[in-house]
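data.pdb, holding PDB, C-alpha atoms and all ligand atoms:
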```pdb
ATOM      1  CA  MET A   1      17.123  -4.628  19.889
ATOM      2  CA  CYS A   2      17.663  -7.696  21.941
ATOM      3  CA  VAL A   3      19.551  -7.037  25.121
ATOM      4  CA  CYS A   4      20.456 -10.604  25.816
ATOM      5  CA  GLY A   5      22.145 -13.048  23.499
ATOM      6  CA  THR A   6      19.460 -15.696  23.458
ATOM      7  CA  SER A   7      19.490 -16.406  19.741
ATOM      8  CA  ARG A   8      21.868 -19.047  18.555
ATOM      9  CA  ALA A   9      23.681 -18.564  15.333
ATOM     10  CA  ARG A  10      23.165 -20.969  12.509
ATOM     11  CA  PRO A  11      25.797 -22.025  10.034
ATOM     12  CA  GLY A  12      26.574 -19.223   7.677
ATOM     13  CA  GLY A  13      24.379 -16.876   9.623
ATOM     14  CA  VAL A  14      25.230 -14.166  12.010
ATOM     15  CA  ARG A  15      25.351 -14.219  15.738
ATOM     16  CA  GLN A  16      22.595 -12.205  17.302
ATOM     17  CA  THR A  17      23.824 -11.015  20.607
ATOM     18  CA  LEU A  18      23.927  -7.733  22.307
ATOM     19  CA  PRO A  19      26.827  -6.513  24.358
ATOM     20  CA  ILE A  20      24.868  -6.928  27.547
ATOM     21  CA  ALA A  21      27.979  -6.462  29.643
ATOM     22  CA  SER A  22      28.526  -3.111  27.991
ATOM     23  CA  LEU A  23      24.958  -2.013  28.574
ATOM     24  CA  VAL A  24      25.118  -3.217  32.146
ATOM     25  CA  LEU A  25      28.214  -1.149  32.754
ATOM     26  CA  LEU A  26      26.850   1.840  30.941
ATOM     27  CA  LEU A  27      23.333   1.884  32.249
ATOM     28  CA  GLY A  28      23.600   0.077  35.547
ATOM     29  CA  LEU A  29      21.206  -2.650  34.430
ATOM     30  CA  PRO A  30      20.723  -5.904  36.286
ATOM     31  CA  VAL A  31      22.639  -8.769  34.748
ATOM     32  CA  LEU A  32      20.649 -11.619  33.307
ATOM     33  CA  ALA A  33      21.865 -15.122  32.825
ATOM     34  CA  CYS A  34      22.123 -15.323  29.065
ATOM     35  CA  GLY A  35      22.713 -18.352  26.941
ATOM     36  CA  GLY A  36      23.569 -18.799  23.322
ATOM     37  CA  ALA A  37      26.172 -16.104  22.982
ATOM     38  CA  ASP A  38      28.564 -18.282  21.047
ATOM     39  CA  SER A  39      29.587 -16.951  17.698
ATOM     40  CA  ALA A  40      29.279 -18.678  14.378
ATOM     41  CA  PRO A  41      32.425 -19.641  12.527
ATOM     42  CA  GLY A  42      32.782 -17.184   9.724
ATOM     43  CA  GLY A  43      29.854 -15.143  10.943
ATOM     44  CA  GLU A  44      29.809 -11.502  11.742
ATOM     45  CA  PRO A  45      31.509 -10.800  15.046
ATOM     46  CA  ASP A  46      28.551  -9.270  16.784
ATOM     47  CA  GLY A  47      25.298  -7.480  16.725
ATOM     48  CA  THR A  48      21.592  -7.676  16.251
ATOM     49  CA  GLU A  49      19.535  -4.995  14.614
ATOM     50  CA  GLN A  50      18.482  -2.209  16.879
ATOM     51  CA  GLY A  51      15.932   0.576  16.506
ATOM     52  CA  TRP A  52      13.881   1.166  19.580
ATOM     53  CA  ASP A  53      14.613  -1.711  21.973
ATOM     54  CA  SER A  54      12.370  -4.774  21.730
ATOM     55  CA  GLN A  55      11.251  -7.246  24.366
ATOM     56  CA  LYS A  56      13.140 -10.474  23.773
ATOM     57  CA  GLY A  57      15.616 -10.958  26.604
ATOM     58  CA  ASN A  58      15.120  -7.354  27.661
ATOM     59  CA  PRO A  59      15.059  -6.805  31.448
ATOM     60  CA  THR A  60      13.227  -3.500  30.991
ATOM     61  CA  HIS A  61       9.796  -2.827  29.487
ATOM     62  CA  ALA A  62      10.674  -2.504  25.801
ATOM     63  CA  THR A  63      10.202   0.738  23.911
ATOM     64  CA  HIS A  64       8.404  -1.165  21.119
ATOM     65  CA  SER A  65       5.916  -2.331  23.769
ATOM     66  CA  TYR A  66       5.411   1.189  25.111
ATOM     67  CA  LEU A  67       4.896   2.614  21.616
ATOM     68  CA  THR A  68       2.377  -0.065  20.646
ATOM     69  CA  GLU A  69       0.498   0.182  23.941
ATOM     70  CA  GLU A  70       0.189   3.938  23.536
ATOM     71  CA  ALA A  71      -1.138   3.464  19.997
ATOM     72  CA  ILE A  72      -3.708   0.913  21.233
ATOM     73  CA  ALA A  73      -4.803   3.297  23.987
ATOM     74  CA  ARG A  74      -5.414   6.012  21.402
ATOM     75  CA  VAL A  75      -7.404   3.799  19.010
ATOM     76  CA  ARG A  76      -9.381   1.452  21.259
ATOM     77  CA  ASP A  77     -12.315   3.760  21.998
ATOM     78  CA  ALA A  78     -13.216   3.940  18.317
ATOM     79  CA  HIS A  79     -12.082   0.383  17.546
ATOM     80  CA  PRO A  80     -12.335  -1.845  20.650
ATOM     81  CA  GLU A  81     -11.001  -4.877  18.784
ATOM     82  CA  VAL A  82      -7.429  -3.529  18.984
ATOM     83  CA  GLU A  83      -7.666  -3.983  22.751
ATOM     84  CA  ALA A  84      -8.916  -7.556  22.367
ATOM     85  CA  TYR A  85      -5.850  -8.436  20.275
ATOM     86  CA  ARG A  86      -3.360  -6.388  22.307
ATOM     87  CA  ALA A  87      -1.094  -9.363  23.031
ATOM     88  CA  ASP A  88      -0.797 -10.238  19.325
ATOM     89  CA  LEU A  89      -0.092  -6.633  18.355
ATOM     90  CA  VAL A  90       2.581  -6.236  21.035
ATOM     91  CA  LYS A  91       4.180  -9.563  20.167
ATOM     92  CA  GLY A  92       4.363  -8.650  16.484
ATOM     93  CA  ALA A  93       5.712  -5.194  17.308
ATOM     94  CA  ASN A  94       8.604  -6.803  19.185
ATOM     95  CA  GLU A  95       9.755  -8.984  16.277
ATOM     96  CA  GLU A  96      13.090  -7.859  14.841
ATOM     97  CA  ILE A  97      12.969  -8.705  11.132
ATOM     98  CA  HIS A  98      15.729  -6.730   9.485
ATOM     99  CA  ASP A  99      18.995  -7.319   7.622
ATOM    100  CA  LEU A 100      20.390 -10.121   9.788
ATOM    101  CA  VAL A 101      19.667 -13.805   9.155
ATOM    102  CA  LEU A 102      17.161 -15.232  11.663
ATOM    103  CA  SER A 103      17.247 -18.739  13.089
ATOM    104  CA  ASP A 104      13.449 -19.140  13.175
ATOM    105  CA  ALA A 105      12.313 -20.572   9.829
ATOM    106  CA  LEU A 106       9.072 -18.582   9.565
ATOM    107  CA  LEU A 107      10.685 -15.288  10.569
ATOM    108  CA  GLU A 108      13.550 -15.866   8.135
ATOM    109  CA  SER A 109      11.158 -16.566   5.262
ATOM    110  CA  LEU A 110       9.237 -13.390   6.114
ATOM    111  CA  ARG A 111      12.501 -11.439   6.336
ATOM    112  CA  LEU A 112      13.392 -12.482   2.810
ATOM    113  CA  GLU A 113       9.897 -11.767   1.502
ATOM    114  CA  PHE A 114       9.676  -8.339   3.161
ATOM    115  CA  GLY A 115      13.215  -7.419   2.097
ATOM    116  CA  GLY A 116      14.414  -6.721   5.644
ATOM    117  CA  THR A 117      16.934  -3.892   5.797
ATOM    118  CA  ASN A 118      19.060  -2.342   8.510
ATOM    119  CA  GLY A 119      16.554   0.500   8.871
ATOM    120  CA  SER A 120      13.237  -1.280   8.251
ATOM    121  CA  CYS A 121      12.192  -3.325   5.192
ATOM    122  CA  GLN A 122      11.780  -2.757   1.480
ATOM    123  CA  HIS A 123       8.212  -4.009   1.254
ATOM    124  CA  PRO A 124       5.967  -2.983   4.166
ATOM    125  CA  GLU A 125       2.994  -3.487   1.833
ATOM    126  CA  ARG A 126       3.730  -7.237   1.896
ATOM    127  CA  VAL A 127       3.449  -7.240   5.682
ATOM    128  CA  TRP A 128       0.006  -5.643   5.378
ATOM    129  CA  ALA A 129      -0.936  -8.155   2.652
ATOM    130  CA  HIS A 130      -0.190 -11.018   5.066
ATOM    131  CA  ALA A 131      -2.295  -9.314   7.741
ATOM    132  CA  GLN A 132      -5.184  -8.867   5.314
ATOM    133  CA  GLU A 133      -4.967 -12.468   4.135
ATOM    134  CA  ARG A 134      -5.070 -13.816   7.700
ATOM    135  CA  PHE A 135      -7.950 -11.519   8.632
ATOM    136  CA  ALA A 136      -9.957 -12.676   5.602
ATOM    137  CA  ALA A 137      -9.264 -16.283   6.627
ATOM    138  CA  GLY A 138     -10.736 -15.600  10.065
ATOM    139  CA  ASP A 139      -7.372 -15.993  11.817
ATOM    140  CA  ARG A 140      -7.417 -12.737  13.740
ATOM    141  CA  HIS A 141      -4.595 -13.612  16.131
ATOM    142  CA  SER A 142      -2.206 -13.967  13.187
ATOM    143  CA  ALA A 143      -3.691 -10.937  11.437
ATOM    144  CA  TYR A 144      -2.963  -8.720  14.416
ATOM    145  CA  TRP A 145       0.496 -10.282  14.843
ATOM    146  CA  TYR A 146       1.345  -9.308  11.249
ATOM    147  CA  LEU A 147      -0.094  -5.862  11.849
ATOM    148  CA  GLY A 148       2.209  -5.639  14.885
ATOM    149  CA  ILE A 149       5.189  -6.411  12.637
ATOM    150  CA  LEU A 150       4.131  -3.549  10.380
ATOM    151  CA  LEU A 151       3.855  -1.253  13.402
ATOM    152  CA  HIS A 152       7.415  -2.260  14.365
ATOM    153  CA  TYR A 153       8.740  -0.854  11.085
ATOM    154  CA  VAL A 154       6.704   2.340  11.483
ATOM    155  CA  GLU A 155       8.101   2.678  15.011
ATOM    156  CA  ASP A 156      11.717   1.977  14.016
ATOM    157  CA  LEU A 157      11.600   4.706  11.385
ATOM    158  CA  GLY A 158      11.058   7.154  14.231
ATOM    159  CA  VAL A 159      14.759   6.688  15.079
ATOM    160  CA  PRO A 160      17.173   9.014  13.203
ATOM    161  CA  ALA A 161      19.624   6.269  12.190
ATOM    162  CA  HIS A 162      16.766   4.308  10.621
ATOM    163  CA  ALA A 163      15.153   7.229   8.832
ATOM    164  CA  LEU A 164      18.496   8.564   7.601
ATOM    165  CA  GLY A 165      19.931   5.200   6.565
ATOM    166  CA  VAL A 166      22.942   5.177   8.884
ATOM    167  CA  TYR A 167      24.123   1.591   9.325
ATOM    168  CA  HIS A 168      24.373   0.344  12.892
ATOM    169  CA  GLN A 169      23.983  -2.756  15.019
ATOM    170  CA  SER A 170      24.054  -3.273  18.741
ATOM    171  CA  SER A 171      27.605  -3.756  19.915
ATOM    172  CA  VAL A 172      30.148  -1.289  21.220
ATOM    173  CA  THR A 173      31.810  -1.047  17.818
ATOM    174  CA  ASN A 174      28.685  -0.251  15.813
ATOM    175  CA  TRP A 175      25.846   0.883  18.064
ATOM    176  CA  ASP A 176      23.795   4.027  17.636
ATOM    177  CA  THR A 177      23.997   6.314  20.656
ATOM    178  CA  PHE A 178      20.459   7.685  20.209
ATOM    179  CA  GLU A 179      19.191   4.134  20.697
ATOM    180  CA  LEU A 180      21.355   3.746  23.784
ATOM    181  CA  LEU A 181      19.988   7.012  25.126
ATOM    182  CA  ALA A 182      16.426   5.771  24.562
ATOM    183  CA  PHE A 183      17.038   2.380  26.157
ATOM    184  CA  SER A 184      15.243   2.222  29.522
ATOM    185  CA  ASN A 185      14.328   5.903  29.161
ATOM    186  CA  TRP A 186      10.660   6.072  28.167
ATOM    187  CA  LYS A 187       9.936   9.773  28.521
ATOM    188  CA  PRO A 188       7.557  10.596  25.655
ATOM    189  CA  SER A 189       6.279  14.110  25.061
ATOM    190  CA  TYR A 190       2.990  14.714  23.239
ATOM    191  CA  ALA A 191       3.131  18.487  23.639
ATOM    192  CA  GLU A 192       4.704  19.200  20.257
ATOM    193  CA  ILE A 193       2.992  16.994  17.693
ATOM    194  CA  ASP A 194       3.914  19.017  14.623
ATOM    195  CA  ARG A 195       2.117  16.896  11.987
ATOM    196  CA  SER A 196      -1.392  15.607  11.443
ATOM    197  CA  ASP A 197      -2.663  12.250  10.240
ATOM    198  CA  PRO A 198      -2.734  12.119   6.409
ATOM    199  CA  HIS A 199      -5.453   9.435   6.772
ATOM    200  CA  LEU A 200      -3.858   6.954   4.388
ATOM    201  CA  ASP A 201      -6.029   4.077   3.230
ATOM    202  CA  ASP A 202      -2.994   1.755   3.190
ATOM    203  CA  PRO A 203      -1.492   1.307   6.686
ATOM    204  CA  SER A 204       1.889   0.362   5.198
ATOM    205  CA  GLY A 205       2.207   3.914   3.860
ATOM    206  CA  TYR A 206       2.865   5.112   7.400
ATOM    207  CA  ALA A 207       6.382   3.661   7.256
ATOM    208  CA  GLN A 208       7.295   6.455   4.839
ATOM    209  CA  VAL A 209       5.341   9.026   6.849
ATOM    210  CA  SER A 210       7.308   8.077   9.954
ATOM    211  CA  SER A 211      10.638   8.181   8.119
ATOM    212  CA  ASP A 212       9.939  11.599   6.571
ATOM    213  CA  TRP A 213       8.841  13.027   9.920
ATOM    214  CA  THR A 214      12.007  11.845  11.673
ATOM    215  CA  ALA A 215      14.332  13.111   8.953
ATOM    216  CA  SER A 216      12.607  16.515   9.013
ATOM    217  CA  ASN A 217      12.867  16.769  12.795
ATOM    218  CA  PHE A 218      16.581  16.021  12.764
ATOM    219  CA  GLY A 219      17.234  18.541   9.996
ATOM    220  CA  GLU A 220      15.237  21.211  11.825
ATOM    221  CA  ALA A 221      17.019  20.576  15.124
ATOM    222  CA  TRP A 222      20.530  20.329  13.677
ATOM    223  CA  PRO A 223      20.595  22.027  10.256
ATOM    224  CA  SER A 224      23.332  21.116   7.783
ATOM    225  CA  THR A 225      24.456  18.264  10.009
ATOM    226  CA  THR A 226      25.250  14.814   8.709
ATOM    227  CA  TYR A 227      23.900  12.258  11.152
ATOM    228  CA  LYS A 228      26.392   9.796  12.606
ATOM    229  CA  ARG A 229      25.578   6.893  14.875
ATOM    230  CA  THR A 230      27.678   8.482  17.628
ATOM    231  CA  PHE A 231      26.000  11.888  17.309
ATOM    232  CA  PHE A 232      23.968  11.712  20.532
ATOM    233  CA  SER A 233      25.122  11.357  24.125
ATOM    234  CA  LYS A 234      24.971   7.769  25.362
ATOM    235  CA  THR A 235      23.147   8.423  28.622
ATOM    236  CA  TRP A 236      20.382  10.660  29.927
ATOM    237  CA  THR A 237      22.720  11.997  32.618
ATOM    238  CA  PHE A 238      25.127  13.450  30.086
ATOM    239  CA  ALA A 239      22.561  14.399  27.436
ATOM    240  CA  SER A 240      21.954  18.075  26.760
ATOM    241  CA  HIS A 241      18.538  19.652  27.264
ATOM    242  CA  LYS A 242      18.192  19.773  23.471
ATOM    243  CA  GLU A 243      18.990  16.070  23.119
ATOM    244  CA  ARG A 244      16.527  15.158  25.859
ATOM    245  CA  ALA A 245      13.777  17.214  24.255
ATOM    246  CA  PHE A 246      14.498  15.665  20.850
ATOM    247  CA  LEU A 247      14.300  12.140  22.275
ATOM    248  CA  SER A 248      11.073  12.834  24.185
ATOM    249  CA  ASN A 249       9.485  14.364  21.095
ATOM    250  CA  ARG A 250      10.622  11.472  18.889
ATOM    251  CA  GLN A 251       9.143   8.974  21.351
ATOM    252  CA  GLY A 252       5.846  10.842  21.436
ATOM    253  CA  ARG A 253       5.714  11.379  17.681
ATOM    254  CA  SER A 254       6.626   7.730  17.022
ATOM    255  CA  ALA A 255       3.720   6.643  19.235
ATOM    256  CA  ILE A 256       1.399   9.010  17.364
ATOM    257  CA  VAL A 257       2.377   7.830  13.869
ATOM    258  CA  THR A 258       2.004   4.249  15.121
ATOM    259  CA  SER A 259      -1.531   5.062  16.269
ATOM    260  CA  TRP A 260      -2.318   6.467  12.816
ATOM    261  CA  ALA A 261      -1.150   3.237  11.160
ATOM    262  CA  LEU A 262      -3.127   1.140  13.651
ATOM    263  CA  GLU A 263      -6.258   3.207  13.114
ATOM    264  CA  SER A 264      -5.869   2.927   9.330
ATOM    265  CA  ALA A 265      -5.833  -0.877   9.671
ATOM    266  CA  ALA A 266      -8.736  -0.816  12.129
ATOM    267  CA  ARG A 267     -10.823   1.137   9.614
ATOM    268  CA  HIS A 268     -10.419  -1.797   7.196
ATOM    269  CA  TRP A 269     -11.232  -4.449   9.768
ATOM    270  CA  ASN A 270     -13.782  -2.754  12.023
ATOM    271  CA  PRO A 271     -15.412  -0.023   9.938
TER     272      PRO A 271
HETATM  273 ZN    ZN A 301      13.692  -3.123  14.664
END
```

Show how you would write the structure in this file as structure tokens.
Amino acid sequence: MCVCGTSRARPGGVRQTLPIASLVLLLGLPVLACGGADSAPGGEPDGTEQGWDSQKGNPTHATHSYLTEEAIARVRDAHPEVEAYRADLVKGANEEIHDLVLSDALLESLRLEFGGTNGSCQHPERVWAHAQERFAAGDRHSAYWYLGILLHYVEDLGVPAHALGVYHQSSVTNWDTFELLAFSNWKPSYAEIDRSDPHLDDPSGYAQVSSDWTASNFGEAWPSTTYKRTFFSKTWTFASHKERAFLSNRQGRSAIVTSWALESAARHWNP
């Protein structure tokens, strides 16, 4: 999610702002000077897609950055090139290409092509196809940027609302409290990795792996419970031990599944 309304709306589009004032109040964050928070006539009243928080306008180190950096750290010994293109991977992993119209022409065209949804996208294989095409053309910076976009979707599907298809955005009226709880709380646990890498040849297949893993974890932790976007506590202070453990495990497991997707791509490019 973007924590600062820096994106201007375009006619007929939607405003992409985050209720920074609300987050500031809730989490005690420093206030940034934000521009571009004016709404579009006829547009949606608020919101940008969430998931784990991303870097744009974010005063904290974004969760998408942490997840991608952890994946790089786990893959770089076998495939050093992922370290060389770290900046491109992290930049791609912080792009929010979902259901909302984007003002950037390239990102909007990609959003339409990928079939961006509230939870992820309909066609992760098209993201990988772009990465492959750029790599074959010798444009490795772009190839790794596209791979980063794919990793973003894999990462987002580690969030219950994304895996379980519960619609949410980023304002007080429609936010997901698990995402609020995770914001500025990077506390991953790698002690309970309860799955192993299926070693998929196609990196885009890890979007489904991530989604299935998250849905299973929620069902195991809270059986016969229908997930709602207000299910979790909003803050670490008021979260139960069970909620804290679930979040830490989801952060760790999301980093792990991201590393599997990255390694799958690296096997194609640096065998
Ligand atoms: Zn996202």

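Residues in contact with ligand ZN 301 (chain A) (atom pairs separated by at most 8 Å; all atoms listed in the file) are Met1, Glu49, Gln50, Gly51, Trp52, Asp53, Ser54, Asn94, Glu95, Glu96, Ile97, His98, Gly119, Ser120, His152, Tyr153 and Asp156 of chain A.
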
Taking the file as shown, find all residues satisfying the PyMOL selection byres (((chain A and resi 190) around 12) and not hetatm) and write them as JSON, numbers by chain.
{"A": [70, 187, 188, 189, 191, 192, 193, 194, 195, 245, 246, 247, 248, 249, 250, 251, 252, 253, 254, 255, 256, 257]}

Give as a list in words each residue that has an atom at most 10 Å from (1.3, 2.0, 1.9) in the file, counting all atoms listed in the file.
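Selection result: His123, Pro124, Glu125, Arg126, Trp128, Leu200, Asp201, Asp202, Pro203, Ser204, Gly205, Tyr206, Ala207, Gln208, Val209 and Ala261 of chain A.
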
Requested write-out: C-alpha atoms of the selected residues, as a PDB file, keeping the file's coordinate frame:
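Once everything was written out, this is part22.pdb:
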```
ATOM      1  CA  HIS A 123       8.212  -4.009   1.254  1.00  0.00           C
ATOM      2  CA  PRO A 124       5.967  -2.983   4.166  1.00  0.00           C
ATOM      3  CA  GLU A 125       2.994  -3.487   1.833  1.00  0.00           C
ATOM      4  CA  ARG A 126       3.730  -7.237   1.896  1.00  0.00           C
ATOM      5  CA  TRP A 128       0.006  -5.643   5.378  1.00  0.00           C
ATOM      6  CA  LEU A 200      -3.858   6.954   4.388  1.00  0.00           C
ATOM      7  CA  ASP A 201      -6.029   4.077   3.230  1.00  0.00           C
ATOM      8  CA  ASP A 202      -2.994   1.755   3.190  1.00  0.00           C
ATOM      9  CA  PRO A 203      -1.492   1.307   6.686  1.00  0.00           C
ATOM     10  CA  SER A 204       1.889   0.362   5.198  1.00  0.00           C
ATOM     11  CA  GLY A 205       2.207   3.914   3.860  1.00  0.00           C
ATOM     12  CA  TYR A 206       2.865   5.112   7.400  1.00  0.00           C
ATOM     13  CA  ALA A 207       6.382   3.661   7.256  1.00  0.00           C
ATOM     14  CA  GLN A 208       7.295   6.455   4.839  1.00  0.00           C
ATOM     15  CA  VAL A 209       5.341   9.026   6.849  1.00  0.00           C
ATOM     16  CA  ALA A 261      -1.150   3.237  11.160  1.00  0.00           C
TER      17      ALA A 261
END
```

Can you turn the PyMOL selection byres (((chain A and resi 184) around 8) and not hetatm) into a concrete residue list for this file, as a short mmCIF file (atom, residue, chain, number, x, y, z; two decimals) with C-alpha atoms, in the coordinates of the input?
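Written file, result-v4.cif:
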```
data_model
loop_
_atom_site.label_atom_id
_atom_site.label_comp_id
_atom_site.auth_asym_id
_atom_site.auth_seq_id
_atom_site.Cartn_x
_atom_site.Cartn_y
_atom_site.Cartn_z
CA THR A 60 13.23 -3.50 30.99
CA HIS A 61 9.80 -2.83 29.49
CA ALA A 62 10.67 -2.50 25.80
CA THR A 63 10.20 0.74 23.91
CA ALA A 182 16.43 5.77 24.56
CA PHE A 183 17.04 2.38 26.16
CA ASN A 185 14.33 5.90 29.16
CA TRP A 186 10.66 6.07 28.17
#
```

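The space between atom CA of A:His241 and atom CA of A:Ala73 spans 28.7 Å.
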
Taking all atoms of stretch 157-169 of chain A that appear in the file, build a box with edges along x, y and z, extend it by 3 Å on every side, and state its centre and edge lengths in Å to one decimal, as JSON.
```
{"center_x": 17.7, "center_y": 3.1, "center_z": 10.8, "size_x": 19.3, "size_y": 17.8, "size_z": 14.5}
```

Between atom CA of A:Thr68 and atom CA of A:Arg267, distance in Å (one decimal):
17.2 Å

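Residue nearest A:Gly116 within the list A:Ala131, A:Leu150, A:Val166, A:Ala143: A:Leu150 [criterion: smallest interatomic distance, only C-alpha atoms].
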
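Distance annotation: of A:Leu262, A:Val127, A:Ala105, A:Cys121, the residue with the minimal separation from A:Leu157 is A:Cys121; atom set is all atoms listed in the file.
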
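Proximity ranking of A:Glu263, A:Val90, A:His268, A:Gly138 relative to A:Asp77 places A:Glu263 first, based on only C-alpha atoms.
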
Judged by only C-alpha atoms, the minimum distance to A:Asn118 among A:Pro80, A:Gly92, A:Gly165, A:Gly148 is found for A:Gly165

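Put simply, atom CA of A:Ser109 is 24.5 Å away from atom CA of A:Asn58.
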
Can you translate the PyMOL selection byres (((chain A and resi 142) around 10) and not hetatm) into the concrete residues it hits in this file, as a PyMOL selection string?
chain A and resi 85+88-89+92+130-135+137-141+143-148

Between A:Thr230, A:Glu155, A:Pro271, A:Pro223, which has the minimum distance to A:Tyr66 (counting all atoms listed in the file)?
A:Glu155
